[in-house]
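Written below as structure tokens is the structure these notes are about.
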Amino acid sequence: MGKDEFRFRHFAVRQDRCAMKVGTDGVLLGSWACRRQADAAMNVLDIGTGTGLISLFVAQRFPNAKVTAIDIDPEAAGQANDNFKASPFSCRLSAQPLALQKLDEEEQFDLIVCNPPFFTDSLKCPDSNRTIARHTTTLTFAELARKSSRLLTAEGTFAVIVPADSKDKMESEAIFNGLCLQRLCYVKTKATKPAKRVMMEFGRKTEMLIEEVLVVGGEEYQALTGIFYL
């Protein structure tokens, strides 16, 4: 396995044409998002798909899910499509070079997943594609929450992973757009350290909040992600 290809148990992910590579954030969200039964039939949207990693994880977890992936970067969308075609789930996966803001709202989704760009004030990278993938200049939390709310079915779930210090911002934007926080997972690199990331699930209904803590590399992490790794 070279640096341009990452092999999982049931599929491989090539990443030589993508600004953002396979990382822990995508692995976590793809493994964690959505509490529905494994046989649930779902229409899924993956926003900012990059390599297509999260889409592939969701397709493996839910054999009856149809996944539409979008990315503003045509090279990333093309690579995601290539990764989809090489996977056992190719008939249920498709990627389009499209910004979320331009997605037709006629189609509704049961699950929307996003590992969004989250840098705001940091220095821009000379690589414009990497800047687009990492910075909120092309997709703000407000735009993400507003459009996702419009695309979500009545019983649908919107799941994101963001830095821990962005939790309140993401939650406030979701609430403003009629979504309620239903599930929250604090992601830590060590049990004794503060959370570095949070995974958040929103829906239209007010429910008792489920809070979780996950330590990367720990037993819960292994149980969550083990079905994907060789």
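Residues in the structure tokens are named by chain (A, B, ... in the order shown) and by number from 1 within that chain; ligands are numbered from 1 in the order shown.
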
task = Go through segment 51-195 of chain A and collect every residue that DSSP, computed from the backbone, puts in strand (DSSP E); the answer should be as a ChimeraX atom specification.
result = /A:65-71,93-97,109-114,152-163,180-188

message = Which residues are close to Tyr221 of chain A, i.e. within 10 Å by only C-alpha atoms, leaving aside same-chain residues fewer than 4 positions away? Reply as a list in words.
response = Leu28, Ser31, Trp32, Val187, Val213, Leu214, Val215, Val216, Gly217, Thr225 and Gly226 of chain A

I need the residues from that last selection saved to file as a short mmCIF file (atom, residue, chain, number, x, y, z; two decimals), in the first residue's frame (with C-alpha atoms), if you can.
```cif
data_model
loop_
_atom_site.label_atom_id
_atom_site.label_comp_id
_atom_site.auth_asym_id
_atom_site.auth_seq_id
_atom_site.Cartn_x
_atom_site.Cartn_y
_atom_site.Cartn_z
CA LEU A 28 -15.00 8.23 12.55
CA SER A 31 -18.43 4.59 11.18
CA TRP A 32 -20.59 6.53 13.67
CA VAL A 187 -13.55 12.56 20.36
CA VAL A 213 -17.00 9.95 24.60
CA LEU A 214 -14.66 8.16 22.21
CA VAL A 215 -10.90 7.82 22.61
CA VAL A 216 -9.08 7.27 19.31
CA GLY A 217 -7.35 3.89 19.46
CA THR A 225 -14.19 0.96 13.15
CA GLY A 226 -13.01 -2.67 13.25
#
```

Residues of segment 89-188 of chain A that approach segment 195-204 of chain A to 9 Å or less, counting only C-alpha atoms: could you list each one with the shortest pair of atoms and its distance in Å to one decimal, rows by chain and increasing residue number, as CSV?
```
residue,atom,partner,partner_atom,distance
A:Ser149,CA,A:Arg204,CA,8.5
A:Leu152,CA,A:Gly203,CA,8.4
A:Thr153,CA,A:Arg204,CA,8.7
A:Ala154,CA,A:Arg204,CA,6.6
A:Glu155,CA,A:Arg204,CA,7.0
A:Gly156,CA,A:Gly203,CA,6.1
A:Thr157,CA,A:Gly203,CA,5.0
A:Phe158,CA,A:Phe202,CA,5.1
A:Ala159,CA,A:Glu201,CA,4.4
A:Val160,CA,A:Met200,CA,5.4
A:Ile161,CA,A:Met199,CA,4.3
A:Val162,CA,A:Val198,CA,5.6
A:Pro163,CA,A:Arg197,CA,4.3
A:Ala164,CA,A:Arg197,CA,4.5
A:Asp165,CA,A:Lys196,CA,8.0
A:Ser166,CA,A:Val198,CA,8.6
A:Lys167,CA,A:Val198,CA,6.8
A:Met170,CA,A:Met200,CA,8.8
A:Glu171,CA,A:Met200,CA,8.4
A:Ala174,CA,A:Phe202,CA,7.6
A:Ile175,CA,A:Phe202,CA,8.9
A:Gly178,CA,A:Arg204,CA,6.6
A:Leu179,CA,A:Arg204,CA,4.9
A:Cys180,CA,A:Phe202,CA,5.2
A:Leu181,CA,A:Phe202,CA,4.5
A:Gln182,CA,A:Phe202,CA,5.4
A:Arg183,CA,A:Glu201,CA,5.0
A:Leu184,CA,A:Met200,CA,4.7
A:Cys185,CA,A:Met199,CA,5.0
A:Tyr186,CA,A:Val198,CA,4.6
A:Val187,CA,A:Arg197,CA,5.0
A:Lys188,CA,A:Ala195,CA,4.4
```

Distance table requested - segment 37-103 of chain A against segment 5-19 of chain A, cut-off 6 Å, only C-alpha atoms: one row per qualifying residue with the closest atom pair and its distance in Å to one decimal, ordered by chain and rising residue number, as JSON lines.
```
{"residue": "A:Thr51", "atom": "CA", "partner": "A:Gln15", "partner_atom": "CA", "distance": 5.9}
{"residue": "A:Ala76", "atom": "CA", "partner": "A:Cys18", "partner_atom": "CA", "distance": 5.0}
{"residue": "A:Asn83", "atom": "CA", "partner": "A:Val13", "partner_atom": "CA", "distance": 5.8}
{"residue": "A:Ser87", "atom": "CA", "partner": "A:Phe11", "partner_atom": "CA", "distance": 5.3}
```

task = May I have the residues within 10 Å of Glu105 of chain A as an MDAnalysis selection string, using only C-alpha atoms and disregarding those fewer than 4 positions away in the same chain?
result = chainID A and resid 101 109 147:148 150:152

With N, CA and C atoms retained, write the just-selected residues as a compact mmCIF listing (two decimals), in the first residue's frame.
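Final file, result12.txt:
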```txt
# COMPACT_ATOMS: atom_id res chain seq x y z
N GLN A 101 -24.54 24.55 -2.34
CA GLN A 101 -25.46 25.66 -2.57
C GLN A 101 -26.24 25.51 -3.87
N PHE A 109 -33.30 13.66 1.57
CA PHE A 109 -32.36 12.66 2.04
C PHE A 109 -32.68 12.23 3.48
N LYS A 147 -28.98 24.65 4.18
CA LYS A 147 -29.26 23.79 3.03
C LYS A 147 -29.59 22.36 3.48
N SER A 148 -28.88 21.86 4.48
CA SER A 148 -29.14 20.51 4.97
C SER A 148 -30.55 20.40 5.53
N ARG A 150 -33.15 22.01 4.57
CA ARG A 150 -34.08 21.99 3.44
C ARG A 150 -34.09 20.65 2.72
N LEU A 151 -32.97 19.93 2.77
CA LEU A 151 -32.84 18.67 2.04
C LEU A 151 -33.22 17.45 2.87
N LEU A 152 -33.42 17.62 4.16
CA LEU A 152 -33.61 16.50 5.08
C LEU A 152 -35.08 16.08 5.14
```

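Atom CA of Pro97 of chain A lies 16.9 Å from atom CA of Leu144 of chain A.
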
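Residue nearest Asp73 of chain A, chosen from A:Leu98, A:Ala38, A:Leu45, A:Leu93 and counting only C-alpha atoms: A:Leu98.
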
Residues near Leu53 of chain A, anyone? I mean within 8 Å using only C-alpha atoms, not counting same-chain ones fewer than 3 positions away, as a tab-separated table (two decimals) with N, CA, C and O atoms, in the first residue's frame.
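Contents of around-v8.tsv, freshly written:
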```tsv
chain	number	residue	atom	x	y	z
A	13	VAL	N	-9.14	2.94	-1.29
A	13	VAL	CA	-9.38	4.36	-1.55
A	13	VAL	C	-8.10	4.97	-2.12
A	13	VAL	O	-7.10	5.07	-1.42
A	22	VAL	N	-7.27	10.58	3.18
A	22	VAL	CA	-7.96	9.74	4.17
A	22	VAL	C	-7.45	10.12	5.56
A	22	VAL	O	-6.25	10.22	5.79
A	26	GLY	N	-12.85	11.42	8.86
A	26	GLY	CA	-13.75	10.74	7.93
A	26	GLY	C	-14.06	9.32	8.36
A	26	GLY	O	-15.20	8.86	8.26
A	27	VAL	N	-13.03	8.62	8.84
A	27	VAL	CA	-13.24	7.25	9.34
A	27	VAL	C	-14.25	7.24	10.47
A	27	VAL	O	-15.17	6.41	10.51
A	30	GLY	N	-17.92	8.26	9.20
A	30	GLY	CA	-18.50	7.18	8.40
A	30	GLY	C	-18.89	5.97	9.22
A	30	GLY	O	-19.86	5.27	8.92
A	49	THR	N	-17.31	15.25	-0.43
A	49	THR	CA	-16.93	13.85	-0.28
A	49	THR	C	-15.43	13.59	-0.34
A	49	THR	O	-14.94	12.63	0.23
A	50	GLY	N	-14.66	14.44	-1.05
A	50	GLY	CA	-13.22	14.16	-1.17
A	50	GLY	C	-12.97	12.85	-1.88
A	50	GLY	O	-13.41	12.64	-3.02
A	56	LEU	N	-18.31	5.42	1.16
A	56	LEU	CA	-18.00	3.99	1.12
A	56	LEU	C	-18.28	3.32	2.46
A	56	LEU	O	-18.81	2.21	2.52
A	57	PHE	N	-17.95	4.01	3.54
A	57	PHE	CA	-18.25	3.47	4.87
A	57	PHE	C	-19.75	3.30	5.06
A	57	PHE	O	-20.23	2.27	5.55
A	80	ALA	N	-13.47	10.23	-6.41
A	80	ALA	CA	-14.48	9.52	-5.64
A	80	ALA	C	-15.24	8.55	-6.54
A	80	ALA	O	-15.47	7.39	-6.17
```

task = Determine the nearest neighbour of Asp82 of chain A from the options A:Ile70, A:Ala33, A:Ala95, A:Ala223, counting only C-alpha atoms.
result = A:Ala95

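Our summary of the geometry notes that atom CA of Ala65 of chain A is positioned 20.3 Å from atom CA of Leu100 of chain A.
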
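The residue that comes closest to Asn115 of chain A, out of A:Asp25, A:Glu143, A:Glu212, A:Glu173 and on the basis of only C-alpha atoms, is A:Asp25.
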